[in-house]
Amino acid sequence: MKEDIIKIPANNDEINLYCFLGEALFKTQMVEQALSHSITLKMNPTETKEQADEFLKQNQSYTLGHAIKIAIKEKLYNLSLQDELNAFLQQRNWLVHKVICGNEEDLNAGNIKEELLHKIKDISDKAESIICVIQYDLIDFCSSKGKDMSKTLALLKLQEQGIRIRK
C-alpha cells in the first residue's frame, strides 16, 4: 500500500513555514526556560546552589501557562511584564494549537500566505524580546540582593549587539 504514495517535495513557501514554525517553537521554549530559571531564583534567593538546582529540576518542565500562573500568584514580576507574558501566552497557544485552523486549504495546496509567516515571525520576535526583559529583570533582582552583576550585564549587552560569546 505504501508504494502508492507519491511524496511531493516541499516548495519554498512550505520550507519557510517549517523554518518559521521551528524558530517560533524553539524561542517559545526558551521563554519557558527563562521563566523556570527566574522563578527558581526569585522563589529561592537564599538557598544554596544545590537546593536551587533541585527546585529547578522539579519545576523546569512547567508549561508556559503554568509558569505564568506561578509568577502571577507569587507576584514575581511587575504588571507590565505580567501583561506581556499573558499576551504572549495567547500567541503561543495560537501557534501550538490553531496555526492550521482557517489556513487548511492554503496549507494543503502549498500556498503559504505572507500574513501567516509574519504572524509566526512576530511570535519569534516577541519571545526574544520577553527573554531579554526576563534577563534584565533577573539582573535587577540579583543586584537588589547584593550580587555584583556587572559582568553579566556586560555580556548581555554584547549579546544584544549580536556578538557571540563562547565559553
# chains A, B, ... in the order shown; residues from 1 in each chain; ligands from 1

$ residues_around --residues "segment 121-138 of chain A" --least-positions-apart "2" --cutoff "7 Å" --atoms "only C-alpha atoms" --output "list in words"
Phe20, Glu23, Ala24, Lys27, Thr28, Val31, Ala34, Ser38, Gln91, Leu117, His118, Lys119, Asp140, Phe141 and Cys142 of chain A

$ write_last_selection --atoms "C-alpha atoms" --output "compact mmCIF listing (two decimals), in the first residue's frame"
# COMPACT_ATOMS: atom_id res chain seq x y z
CA PHE A 20 9.41 29.90 10.92
CA GLU A 23 12.08 29.06 15.20
CA ALA A 24 8.92 30.23 16.97
CA LYS A 27 12.10 30.55 21.11
CA THR A 28 8.88 29.84 22.99
CA VAL A 31 10.90 31.72 27.23
CA ALA A 34 13.95 31.66 31.20
CA SER A 38 13.75 33.18 37.01
CA GLN A 91 0.07 33.97 20.81
CA LEU A 117 4.51 33.88 8.06
CA HIS A 118 4.53 37.40 9.52
CA LYS A 119 2.29 36.35 12.40
CA ASP A 140 17.99 43.78 38.75
CA PHE A 141 16.75 41.16 41.21
CA CYS A 142 20.22 39.76 41.85

$ closest_residue --among "A:Lys75, A:Lys49, A:Lys145, A:Lys113" --to "Glu14 of chain A" --atoms "only C-alpha atoms"
A:Lys113

$ atom_distance --atom1 "atom CA of Ser36 of chain A" --atom2 "atom CA of Gln60 of chain A"
5.4 Å

$ atom_distance --atom1 "atom CA of Leu153 of chain A" --atom2 "atom CA of Glu47 of chain A"
22.8 Å

$ closest_residue --among "A:Leu89, A:Leu56, A:Ile100, A:Ile15" --to "Gln33 of chain A" --atoms "only C-alpha atoms"
A:Leu56

$ atom_distance --atom1 "atom CA of Val96 of chain A" --atom2 "atom CA of Leu21 of chain A"
9.2 Å

$ closest_residue --among "A:Asn44, A:Leu35, A:Lys57, A:Glu3" --to "Lys69 of chain A" --atoms "only C-alpha atoms"
A:Leu35

$ closest_residue --among "A:Lys7, A:Leu17, A:Leu25, A:Glu50" --to "His97 of chain A" --atoms "only C-alpha atoms"
A:Leu25

$ select_by_dssp --residues "chain A" --states "alpha helix (DSSP H)" --output "PyMOL selection string"
chain A and resi 12-43+49-59+64-74+79-93+104-109+114-144+150-160

$ residues_around --residues "Ile39 of chain A" --least-positions-apart "6" --cutoff "10 Å" --atoms "only C-alpha atoms" --output "ChimeraX atom specification"
/A:33,45,55-56,59-60,67-68,70-71,74,76-77,138

$ write_last_selection --atoms "N, CA, C and O atoms" --output "short mmCIF file (atom, residue, chain, number, x, y, z; two decimals), in the first residue's frame"
data_model
loop_
_atom_site.label_atom_id
_atom_site.label_comp_id
_atom_site.auth_asym_id
_atom_site.auth_seq_id
_atom_site.Cartn_x
_atom_site.Cartn_y
_atom_site.Cartn_z
N GLN A 33 12.06 28.26 29.55
CA GLN A 33 13.28 28.02 30.33
C GLN A 33 13.67 29.26 31.13
O GLN A 33 14.05 29.15 32.30
N PRO A 45 15.85 32.83 46.90
CA PRO A 45 17.01 33.71 46.84
C PRO A 45 18.10 33.39 47.86
O PRO A 45 19.26 33.74 47.65
N PHE A 55 15.20 22.52 43.09
CA PHE A 55 13.92 23.18 42.83
C PHE A 55 13.71 23.34 41.33
O PHE A 55 12.63 23.04 40.81
N LEU A 56 14.76 23.78 40.63
CA LEU A 56 14.67 23.95 39.19
C LEU A 56 14.38 22.62 38.50
O LEU A 56 13.53 22.53 37.62
N ASN A 59 10.82 21.74 38.75
CA ASN A 59 9.86 22.67 38.17
C ASN A 59 10.21 23.14 36.77
O ASN A 59 9.51 23.98 36.21
N GLN A 60 11.26 22.62 36.19
CA GLN A 60 11.72 23.09 34.89
C GLN A 60 10.78 22.71 33.75
O GLN A 60 10.80 23.34 32.71
N ALA A 67 3.83 28.26 34.32
CA ALA A 67 4.87 29.16 34.83
C ALA A 67 4.31 30.56 35.03
O ALA A 67 4.60 31.22 36.05
N ILE A 68 3.50 31.03 34.10
CA ILE A 68 2.90 32.36 34.23
C ILE A 68 1.95 32.41 35.42
O ILE A 68 1.94 33.39 36.17
N ILE A 70 2.17 30.71 38.17
CA ILE A 70 3.01 30.78 39.38
C ILE A 70 3.55 32.19 39.56
O ILE A 70 3.53 32.75 40.67
N ALA A 71 4.03 32.77 38.47
CA ALA A 71 4.58 34.13 38.53
C ALA A 71 3.53 35.13 39.02
O ALA A 71 3.84 36.02 39.82
N GLU A 74 2.71 34.41 42.83
CA GLU A 74 3.81 34.81 43.71
C GLU A 74 4.21 36.27 43.52
O GLU A 74 5.11 36.75 44.21
N LEU A 76 5.89 37.78 41.08
CA LEU A 76 7.33 37.80 40.81
C LEU A 76 7.75 38.88 39.84
O LEU A 76 8.93 39.24 39.78
N TYR A 77 6.81 39.42 39.06
CA TYR A 77 7.15 40.40 38.03
C TYR A 77 6.26 41.62 38.13
O TYR A 77 5.15 41.55 38.67
N LEU A 138 16.07 39.72 36.02
CA LEU A 138 16.88 38.88 36.92
C LEU A 138 18.15 39.60 37.36
O LEU A 138 18.58 39.46 38.51
#
